[in-house]
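Participant: This is the content of query-v7.tsv (TSV, C-alpha atoms):
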chain	number	residue	atom	x	y	z
A	1	MET	CA	77.75	74.15	87.32
A	2	ILE	CA	80.00	76.68	89.13
A	3	GLN	CA	77.98	79.52	87.54
A	4	ILE	CA	74.86	78.19	89.31
A	5	ILE	CA	76.29	76.98	92.62
A	6	PHE	CA	78.21	80.17	93.43
A	7	PRO	CA	75.24	82.59	92.99
A	8	ILE	CA	73.01	80.35	95.13
A	9	ALA	CA	75.70	80.07	97.82
A	10	MET	CA	76.33	83.83	97.83
A	11	ILE	CA	72.63	84.70	98.16
A	12	SER	CA	72.22	82.10	100.93
A	13	ILE	CA	75.22	83.41	102.90
A	14	MET	CA	74.10	87.01	102.52
A	15	GLY	CA	70.57	86.06	103.52
A	16	LEU	CA	71.86	84.50	106.76
A	17	ILE	CA	74.05	87.54	107.49
A	18	HIS	CA	71.10	89.91	107.03
A	19	LEU	CA	68.88	87.73	109.22
A	20	TYR	CA	71.58	87.65	111.91
A	21	PHE	CA	71.90	91.46	111.77
A	22	TYR	CA	68.13	91.91	111.86
A	23	LYS	CA	67.61	89.59	114.84
A	24	ARG	CA	70.67	90.43	116.95
A	25	VAL	CA	71.03	94.16	116.32
A	26	LEU	CA	68.00	95.83	114.78
A	27	SER	CA	65.57	94.18	117.16
A	28	LYS	CA	67.57	95.37	120.21
A	29	LEU	CA	68.60	98.94	119.43
A	30	HIS	CA	67.47	101.58	121.93
A	31	PHE	CA	66.31	104.05	119.27
A	32	ARG	CA	62.97	105.59	118.44
A	33	ALA	CA	60.61	103.29	116.57
A	34	LYS	CA	60.80	105.33	113.33
A	35	ILE	CA	64.61	105.11	113.26
A	36	ILE	CA	64.55	101.35	113.84
A	37	GLN	CA	61.91	100.92	111.12
A	38	SER	CA	64.10	102.90	108.70
A	39	LEU	CA	67.12	100.72	109.50
A	40	GLN	CA	65.02	97.59	109.06
A	41	ARG	CA	63.82	98.78	105.66
A	42	PHE	CA	67.41	99.56	104.70
A	43	ALA	CA	68.48	96.02	105.60
A	44	ILE	CA	65.65	94.48	103.58
A	45	ILE	CA	66.37	96.71	100.56
A	46	ASN	CA	70.07	95.84	100.78
A	47	LEU	CA	69.28	92.12	100.67
A	48	LEU	CA	67.14	92.71	97.57
A	49	PHE	CA	70.10	94.60	96.08
A	50	VAL	CA	72.33	91.57	96.81
A	51	ILE	CA	69.98	89.41	94.76
A	52	GLY	CA	69.97	92.10	92.06
A	53	TYR	CA	73.78	92.18	92.03
A	54	ILE	CA	74.04	88.41	91.60
A	55	LEU	CA	71.51	88.51	88.76
A	56	ALA	CA	73.35	91.44	87.10
A	57	ARG	CA	76.75	89.78	87.51
A	58	TYR	CA	75.83	86.41	86.07
A	59	PHE	CA	72.58	86.59	84.16
A	60	VAL	CA	71.23	90.07	83.21
A	61	ALA	CA	73.02	93.12	81.76
A	62	VAL	CA	72.27	96.41	83.56
A	63	PRO	CA	73.61	99.99	83.24
A	64	THR	CA	76.98	100.63	84.88
A	65	TRP	CA	75.59	103.10	87.43
A	66	LEU	CA	73.02	100.53	88.59
A	67	TYR	CA	75.63	97.76	88.69
A	68	PHE	CA	77.79	99.96	90.93
A	69	LEU	CA	74.92	100.57	93.36
A	70	LEU	CA	74.00	96.90	93.41
A	71	SER	CA	77.61	95.87	94.04
A	72	LEU	CA	77.80	98.01	97.17
A	73	SER	CA	75.19	95.73	98.76
A	74	ILE	CA	77.82	92.99	99.10
A	75	GLY	CA	80.15	95.30	101.03
A	76	ILE	CA	77.26	96.56	103.16
A	77	GLY	CA	76.30	92.98	103.93
A	78	PHE	CA	79.80	92.20	105.17
A	79	CYS	CA	79.67	95.40	107.25
A	80	PHE	CA	76.47	94.08	108.84
A	81	LEU	CA	78.34	90.93	109.85
A	82	ILE	CA	81.32	92.79	111.31
A	83	PHE	CA	79.23	95.17	113.36
A	84	THR	CA	76.82	92.49	114.54
A	85	LEU	CA	79.82	90.67	115.97
A	86	LEU	CA	81.06	93.93	117.52
A	87	TYR	CA	77.60	94.56	118.95
A	88	GLU	CA	77.55	91.08	120.46
A	89	VAL	CA	80.87	91.76	122.21
A	90	ILE	CA	79.54	95.04	123.62
A	91	GLN	CA	76.39	93.31	124.90
A	92	ILE	CA	78.42	90.59	126.59
A	93	ALA	CA	80.55	93.25	128.30
A	94	LEU	CA	77.48	95.18	129.48
A	95	HIS	CA	75.94	92.05	130.97
A	96	THR	CA	79.18	90.83	132.53
A	97	ILE	CA	80.53	93.99	134.14
A	98	PRO	CA	78.54	94.93	137.28
A	99	PHE	CA	77.00	98.34	136.45
A	100	ASP	CA	74.02	99.83	138.25
A	101	LYS	CA	70.73	99.93	136.31
A	102	ASN	CA	70.87	103.61	135.25
A	103	LYS	CA	74.49	103.44	134.17
A	104	ARG	CA	73.84	100.22	132.26
A	105	ALA	CA	70.96	101.86	130.34
A	106	PHE	CA	73.13	104.87	129.50
A	107	LEU	CA	75.99	102.69	128.30
A	108	LYS	CA	73.58	100.54	126.27
A	109	LYS	CA	72.22	103.55	124.39
A	110	SER	CA	75.69	105.05	123.96
A	111	GLY	CA	76.94	101.73	122.61
A	112	ASP	CA	74.05	101.53	120.14
A	113	ILE	CA	74.75	105.02	118.82
A	114	SER	CA	78.48	104.32	118.61
A	115	VAL	CA	78.04	101.09	116.64
A	116	VAL	CA	75.69	102.69	114.11
A	117	ALA	CA	77.95	105.77	113.74
A	118	LEU	CA	81.07	103.64	113.43
A	119	GLY	CA	79.34	101.44	110.86
A	120	GLY	CA	78.45	104.46	108.73
A	121	ALA	CA	82.00	105.85	108.95
A	122	TYR	CA	83.52	102.44	108.14
A	123	LEU	CA	81.29	101.99	105.10
A	124	GLY	CA	81.85	105.52	103.83
A	125	THR	CA	85.64	105.25	104.18
A	126	ALA	CA	85.73	101.88	102.39
A	127	ILE	CA	83.68	103.26	99.49
A	128	TYR	CA	85.87	106.38	99.28
A	129	GLU	CA	89.12	104.36	99.31
A	130	GLY	CA	87.72	102.05	96.66
A	131	GLN	CA	87.32	104.90	94.18
A	132	LYS	CA	91.02	105.83	94.25
A	133	GLU	CA	93.29	105.18	91.27
A	134	PRO	CA	95.80	102.32	91.64
A	135	ILE	CA	99.10	103.49	93.08
A	136	ILE	CA	102.46	102.75	91.46
A	137	LEU	CA	104.34	100.98	94.23
A	138	PRO	CA	108.15	100.73	93.85
A	139	ILE	CA	109.77	97.65	95.41
A	140	THR	CA	113.48	96.75	95.54
A	141	ILE	CA	114.50	93.09	95.77
A	142	ASN	CA	118.26	92.67	96.04
A	143	GLN	CA	119.50	89.07	95.91
A	144	ASN	CA	122.86	89.77	94.24
A	145	LEU	CA	121.85	87.80	91.15
A	146	PHE	CA	122.48	90.40	88.44
A	147	THR	CA	124.96	93.22	87.92
A	148	GLN	CA	122.14	95.41	86.60
A	149	PRO	CA	118.61	95.23	88.05
A	150	TYR	CA	115.68	94.08	85.98
A	151	ARG	CA	112.74	96.47	86.03
A	152	ILE	CA	109.50	94.51	86.26
A	153	VAL	CA	105.88	95.58	86.38
A	154	GLN	CA	103.50	93.24	88.15
A	155	ILE	CA	99.74	93.57	88.01
A	156	SER	CA	97.27	91.07	89.37
A	157	ASP	CA	93.54	90.54	89.90
A	158	MET	CA	92.23	93.08	87.42
A	159	HIS	CA	88.90	91.21	87.16
A	160	ILE	CA	87.94	92.71	83.81
A	161	GLY	CA	84.15	92.67	83.56
A	162	GLY	CA	81.44	94.50	85.44
A	163	LEU	CA	82.91	97.76	86.78
A	164	ILE	CA	86.40	97.07	85.40
A	165	ASP	CA	85.73	98.36	81.91
A	166	GLU	CA	87.54	99.33	78.74
A	167	GLU	CA	88.53	102.77	80.05
A	168	PHE	CA	90.14	101.24	83.14
A	169	VAL	CA	92.17	98.79	81.05
A	170	GLN	CA	93.27	101.49	78.61
A	171	LYS	CA	94.43	103.78	81.45
A	172	THR	CA	96.32	100.89	83.03
A	173	VAL	CA	98.17	100.19	79.78
A	174	GLU	CA	99.14	103.85	79.47
A	175	LYS	CA	100.47	103.96	83.04
A	176	ILE	CA	102.53	100.80	82.58
A	177	ASN	CA	103.99	101.87	79.25
A	178	ALA	CA	105.15	105.14	80.82
A	179	LEU	CA	107.31	103.17	83.29
A	180	ASP	CA	109.69	101.84	80.58
A	181	VAL	CA	110.31	98.37	82.05
A	182	ASP	CA	112.13	95.23	80.98
A	183	PHE	CA	109.09	92.99	81.19
A	184	ILE	CA	105.53	92.83	82.51
A	185	THR	CA	103.92	90.09	84.59
A	186	ILE	CA	100.20	89.44	85.07
A	187	THR	CA	99.58	87.04	87.95
A	188	GLY	CA	96.05	85.83	87.37
A	189	ASP	CA	92.38	86.79	87.68
A	190	LEU	CA	92.80	89.03	84.68
A	191	THR	CA	89.24	88.40	83.50
A	192	ASP	CA	86.00	87.83	85.37
A	193	ALA	CA	83.43	87.34	82.62
A	194	PRO	CA	83.09	85.27	79.44
A	195	ILE	CA	85.71	86.53	77.01
A	196	GLU	CA	83.09	87.25	74.32
A	197	GLN	CA	81.59	89.90	76.60
A	198	ILE	CA	84.86	91.70	77.39
A	199	LYS	CA	86.99	91.30	74.24
A	200	GLN	CA	86.97	95.02	73.53
A	201	SER	CA	88.40	95.76	76.99
A	202	VAL	CA	90.94	92.93	77.04
A	203	ALA	CA	92.20	93.85	73.55
A	204	HIS	CA	93.97	96.96	74.93
A	205	LEU	CA	96.47	94.68	76.68
A	206	ALA	CA	98.00	93.99	73.27
A	207	ASN	CA	99.41	97.54	73.48
A	208	LEU	CA	101.55	96.81	76.55
A	209	LYS	CA	105.20	97.63	75.82
A	210	SER	CA	108.41	96.34	77.43
A	211	ARG	CA	111.79	95.03	76.31
A	212	PHE	CA	111.14	91.31	76.76
A	213	GLY	CA	107.36	91.05	76.64
A	214	THR	CA	104.33	90.38	78.82
A	215	PHE	CA	103.99	87.10	80.73
A	216	TYR	CA	100.75	85.84	82.22
A	217	VAL	CA	99.45	83.00	84.39
A	218	ILE	CA	95.78	82.23	84.90
A	219	GLY	CA	94.00	82.68	88.22
A	220	ASN	CA	91.03	80.90	89.73
A	221	HIS	CA	88.42	83.27	88.24
A	222	GLU	CA	89.39	82.44	84.67
A	223	TYR	CA	88.18	78.89	85.36
A	224	PHE	CA	84.65	80.18	85.99
A	225	HIS	CA	83.99	81.79	82.61
A	226	GLY	CA	85.18	79.48	79.83
A	227	LEU	CA	88.89	79.01	80.43
A	228	GLU	CA	89.74	77.56	77.02
A	229	ASP	CA	88.20	80.52	75.16
A	230	THR	CA	89.94	82.99	77.45
A	231	ILE	CA	93.32	81.32	76.93
A	232	ALA	CA	92.91	81.28	73.14
A	233	TYR	CA	92.04	84.97	73.01
A	234	ILE	CA	94.85	86.07	75.34
A	235	LYS	CA	97.36	84.24	73.15
A	236	MET	CA	96.01	86.05	70.07
A	237	LEU	CA	96.98	89.36	71.72
A	238	GLY	CA	100.66	88.39	71.82
A	239	ILE	CA	100.72	87.94	75.60
A	240	ARG	CA	102.88	84.96	76.60
A	241	LEU	CA	100.79	82.62	78.72
A	242	LEU	CA	102.93	80.30	80.86
A	243	GLU	CA	101.16	76.95	81.17
A	244	ASN	CA	103.25	74.83	83.53
A	245	GLU	CA	106.33	75.83	81.57
A	246	THR	CA	109.66	77.59	81.73
A	247	LEU	CA	111.34	80.04	79.38
A	248	MET	CA	114.74	81.70	79.45
A	249	ILE	CA	114.70	85.46	78.91
A	250	GLY	CA	116.80	88.52	79.67
A	251	ARG	CA	120.01	90.16	78.61
A	252	ASP	CA	122.51	87.98	76.73
A	253	ASN	CA	124.97	87.79	79.61
A	254	GLU	CA	122.40	87.66	82.46
A	255	GLN	CA	119.45	85.51	81.51
A	256	PHE	CA	117.07	83.83	83.94
A	257	ASN	CA	114.26	81.27	84.01
A	258	ILE	CA	110.72	82.61	84.05
A	259	CYS	CA	108.20	79.92	85.02
A	260	GLY	CA	104.44	79.83	85.31
A	261	LEU	CA	101.98	77.41	86.88
A	262	TYR	CA	98.29	76.83	86.35
A	263	ASP	CA	96.25	78.00	89.32
A	264	TYR	CA	95.72	76.00	92.51
A	265	PHE	CA	92.01	75.81	91.60
A	266	GLY	CA	92.99	73.33	88.90
A	267	TYR	CA	93.42	70.64	91.58
A	268	ARG	CA	89.75	71.09	92.47
A	269	LYS	CA	88.47	71.35	88.93
A	270	GLY	CA	90.47	68.36	87.69
A	271	SER	CA	91.82	70.12	84.60
A	272	PHE	CA	94.53	72.68	83.91
A	273	ILE	CA	96.28	71.35	87.00
A	274	PRO	CA	99.57	72.86	88.27
A	275	ASP	CA	102.58	70.68	87.46
A	276	PRO	CA	105.71	71.86	89.33
A	277	LEU	CA	107.68	68.78	88.21
A	278	LYS	CA	107.22	69.68	84.54
A	279	VAL	CA	108.41	73.21	85.31
A	280	GLN	CA	111.48	71.88	87.12
A	281	ASN	CA	112.43	69.65	84.21
A	282	GLU	CA	112.61	72.69	81.90
A	283	ILE	CA	114.70	74.87	84.23
A	284	ASN	CA	118.31	75.76	83.54
A	285	TRP	CA	119.63	75.35	87.08
A	286	SER	CA	122.66	77.52	86.43
A	287	LEU	CA	120.39	80.57	86.08
A	288	PRO	CA	118.21	82.50	88.57
A	289	THR	CA	114.51	81.60	88.53
A	290	LEU	CA	111.34	83.71	88.66
A	291	LEU	CA	108.02	81.91	89.23
A	292	LEU	CA	104.56	83.32	88.51
A	293	ALA	CA	101.82	81.61	90.55
A	294	HIS	CA	98.45	83.20	91.21
A	295	GLN	CA	97.81	82.02	94.77
A	296	PRO	CA	100.50	82.34	97.48
A	297	LYS	CA	99.52	78.93	98.87
A	298	GLN	CA	100.97	77.33	95.75
A	299	THR	CA	104.29	77.66	97.61
A	300	LYS	CA	103.11	74.66	99.66
A	301	ARG	CA	103.04	72.36	96.61
A	302	LEU	CA	106.18	73.23	94.65
A	303	GLU	CA	107.60	69.70	94.89
A	304	GLY	CA	111.12	70.89	95.72
A	305	LEU	CA	111.09	73.79	93.25
A	306	LYS	CA	112.81	76.76	94.94
A	307	PRO	CA	112.59	79.90	92.80
A	308	ASN	CA	114.60	82.95	93.73
A	309	LEU	CA	111.50	85.10	93.40
A	310	ILE	CA	107.80	84.24	93.31
A	311	LEU	CA	105.19	86.75	92.18
A	312	SER	CA	101.61	86.09	93.32
A	313	GLY	CA	98.29	87.84	93.80
A	314	HIS	CA	94.81	86.51	94.64
A	315	THR	CA	94.50	87.94	98.17
A	316	HIS	CA	93.68	91.56	97.24
A	317	GLY	CA	95.54	92.31	100.48
A	318	GLY	CA	92.29	91.46	102.24
A	319	GLN	CA	90.57	94.25	100.21
A	320	ILE	CA	88.41	95.37	103.15
A	321	PHE	CA	89.75	95.22	106.71
A	322	PRO	CA	89.35	93.02	108.78
A	323	PHE	CA	88.86	90.35	106.09
A	324	SER	CA	92.63	90.23	105.82
A	325	TYR	CA	92.51	87.95	108.87
A	326	LEU	CA	90.20	85.53	107.05
A	327	VAL	CA	92.52	85.54	104.04
A	328	ARG	CA	95.43	84.61	106.30
A	329	LEU	CA	93.54	81.49	107.36
A	330	GLN	CA	93.71	80.27	103.75
A	331	GLN	CA	96.91	81.84	102.42
A	332	PRO	CA	100.39	81.81	103.98
A	333	TYR	CA	101.14	85.34	102.74
A	334	LEU	CA	98.78	88.34	102.57
A	335	LYS	CA	100.46	91.24	100.74
A	336	GLY	CA	103.85	92.76	100.13
A	337	LEU	CA	107.36	91.29	100.17
A	338	TYR	CA	108.31	88.26	102.26
A	339	LYS	CA	111.90	87.08	102.51
A	340	ILE	CA	112.02	83.27	102.67
A	341	SER	CA	115.84	83.03	102.66
A	342	GLN	CA	118.82	85.01	101.40
A	343	LYS	CA	118.10	83.94	97.81
A	344	GLU	CA	114.35	83.29	98.02
A	345	ALA	CA	111.44	85.74	98.31
A	346	ILE	CA	107.78	86.10	97.43
A	347	TYR	CA	105.91	89.26	96.56
A	348	VAL	CA	102.12	89.25	96.87
A	349	ASN	CA	100.41	91.97	94.86
A	350	SER	CA	97.28	93.54	96.42
A	351	GLY	CA	95.52	93.62	93.06
A	352	ILE	CA	94.85	96.41	90.60
A	353	GLY	CA	91.12	95.77	90.53
A	354	PHE	CA	88.62	94.37	93.01
A	355	TRP	CA	86.04	91.66	93.42
A	356	GLY	CA	82.44	92.51	94.34
A	357	PRO	CA	82.01	96.04	95.67
A	358	LYS	CA	84.30	98.84	94.59
A	359	MET	CA	85.52	99.17	98.15
A	360	ARG	CA	88.89	98.95	99.87
A	361	LEU	CA	90.08	99.54	103.40
A	362	GLY	CA	93.62	98.85	104.56
A	363	SER	CA	94.72	97.68	101.12
A	364	SER	CA	95.42	99.91	98.13
A	365	ALA	CA	95.01	98.89	94.50
A	366	GLU	CA	98.50	98.77	93.02
A	367	ILE	CA	100.75	98.52	90.01
A	368	THR	CA	103.99	97.13	91.40
A	369	LEU	CA	107.26	98.38	89.94
A	370	ILE	CA	109.92	95.88	90.99
A	371	SER	CA	113.67	96.35	90.79
A	372	TRP	CA	115.12	92.81	90.92
A	373	SER	CA	118.86	92.31	91.21
Taking this structure as input, can you express it in the form of structure tokens?

Facilitator:
Amino acid sequence: MIQIIFPIAMISIMGLIHLYFYKRVLSKLHFRAKIIQSLQRFAIINLLFVIGYILARYFVAVPTWLYFLLSLSIGIGFCFLIFTLLYEVIQIALHTIPFDKNKRAFLKKSGDISVVALGGAYLGTAIYEGQKEPIILPITINQNLFTQPYRIVQISDMHIGGLIDEEFVQKTVEKINALDVDFITITGDLTDAPIEQIKQSVAHLANLKSRFGTFYVIGNHEYFHGLEDTIAYIKMLGIRLLENETLMIGRDNEQFNICGLYDYFGYRKGSFIPDPLKVQNEINWSLPTLLLAHQPKQTKRLEGLKPNLILSGHTHGGQIFPFSYLVRLQQPYLKGLYKISQKEAIYVNSGIGFWGPKMRLGSSAEITLISWS
């Protein structure tokens, strides 16, 4: 059902955004008729590309180069929304501030040119930033829990499928293995397609190397593509999936609890539901605790569980500014390290992959290298 509802909703939303842009901007620009006609054609073609992207993502296989072009239509559509809103603000200002007729006409044309130029620069920059390799971001979290820091790699939101292919996964594994860490954490949205379609890509994760292993919790996107099959295959690779459970790992004299919850989406789906109480019952309270939870808002439903460190993802850091502000309406934390108290913190990974268009602005793809002590 989700596989049908989401494509219909996405096409409907994008259709409304394009209509809004067409009516409120393209019909009012003070440009020559040929330029306006070209922009109108571009908007119509982009909407057709949106439909093509949805079909390619969920129903029809297409070449990678075509999938990339189609995916950009989603980012362009959101750009239309942003700059329509900006254009509306400019128009309100022009009609509110008392300018004389000639000056008003000059400012109107200048504003039109500025919005179109700014839109092109914004789009180009977001596409350019989206093509960059994930950065390795070192983070130090000192809570005076261990005499020797644990070196942790965290990745999140890889979204294997579509443009995140086998080569990307293989390169990621090589980068992580070169870091020589104690353990690796994967905080959800690892896959974004039925596992049968992406097995060859996902299989490279079996080559991840660390002293204590790789630990994984599911994200909301795994629910969309056959969760049971995905879970079964991930387990076959030797990756330790934490399903509302707690383990004790680490050096003999300085062990800690590592816990993992099902994703918040489980409440909505009615299966694979997070169970903080079960996690609490398995904790050794004399030891420090690390919790893996895909969405930062899971901190609101921990039922008294207070881990020393929480690792989350989901937000992509907003992925494309200014959508970070929309993310903050849903999530209590956006990206980076947040200190809750002297012995409690949460780190929100910006994601190693992306959803939709291969675009980023104001948020870099990252592999986080955490020193936890």

Participant: So what do you get for atom CA of A:Ile320 versus atom CA of A:Asn349, distance-wise?

Facilitator: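 Value for the atom CA of A:Ile320-atom CA of A:Asn349 distance: 15.0 Å.
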
Participant: Counting all atoms listed in the file, figure out which residue out of A:Phe256, A:Asp157, A:Leu190, A:Ser210 gets nearest to A:His316.

Facilitator: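 Distance minimum relative to A:His316 lands on A:Asp157.
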
Participant: Mind working out the centre and edge lengths of an axis-aligned box for stretch 257-262 of chain A, all listed atoms inside, 8 Å added to each side, rounded to one decimal in Å and written as lines of an AutoDock Vina configuration file?

Facilitator:
center_x = 106.3
center_y = 79.7
center_z = 85.4
size_x = 32.0
size_y = 21.8
size_z = 18.9

Participant: Mind pulling up the distance from atom CA of A:Lys34 to atom CA of A:Thr125?

Facilitator: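 Computed distance, atom CA of A:Thr125 to atom CA of A:Lys34, equals 26.5 Å.
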
Participant: Dig up all the protein and nucleic acid residues within 6 Å of (93.7, 88.0, 86.4) in the file frame, using all atoms listed in the file, and format them as a tab-separated table (two decimals) with C-alpha atoms, in the frame of the given file.

Facilitator:
chain	number	residue	atom	x	y	z
A	156	SER	CA	97.27	91.07	89.37
A	157	ASP	CA	93.54	90.54	89.90
A	158	MET	CA	92.23	93.08	87.42
A	159	HIS	CA	88.90	91.21	87.16
A	188	GLY	CA	96.05	85.83	87.37
A	189	ASP	CA	92.38	86.79	87.68
A	190	LEU	CA	92.80	89.03	84.68
A	191	THR	CA	89.24	88.40	83.50
A	219	GLY	CA	94.00	82.68	88.22

Participant: Residues at most 12 Å from stretch 115-119 of chain A, counting only C-alpha atoms, excluding those fewer than 3 positions away in the same chain, as a PyMOL selection string?

Facilitator: chain A and resi 25-26+29-31+35-36+39+75-91+107-112+122-126

Participant: Would you please work out which residue, of A:Ile283, A:Ile8, A:Ala365, A:Met14, is nearest to A:Leu55 when using only C-alpha atoms?

Facilitator: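 Residue with the minimum atom-to-atom distance to A:Leu55: A:Ile8.
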
Participant: For A:Ile135, which residue among A:Val169, A:Ile186, A:Ile155, A:Leu291 is the nearest when counting only C-alpha atoms?

Facilitator: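 The answer is A:Ile155, which sits nearest to A:Ile135.
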
Participant: Mind giving me the straight-line distance from atom CA of A:Arg151 to atom CA of A:Glu303 in Å, one decimal?

Facilitator: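 Spanning atom CA of A:Arg151 to atom CA of A:Glu303 is a straight-line distance of 28.7 Å.
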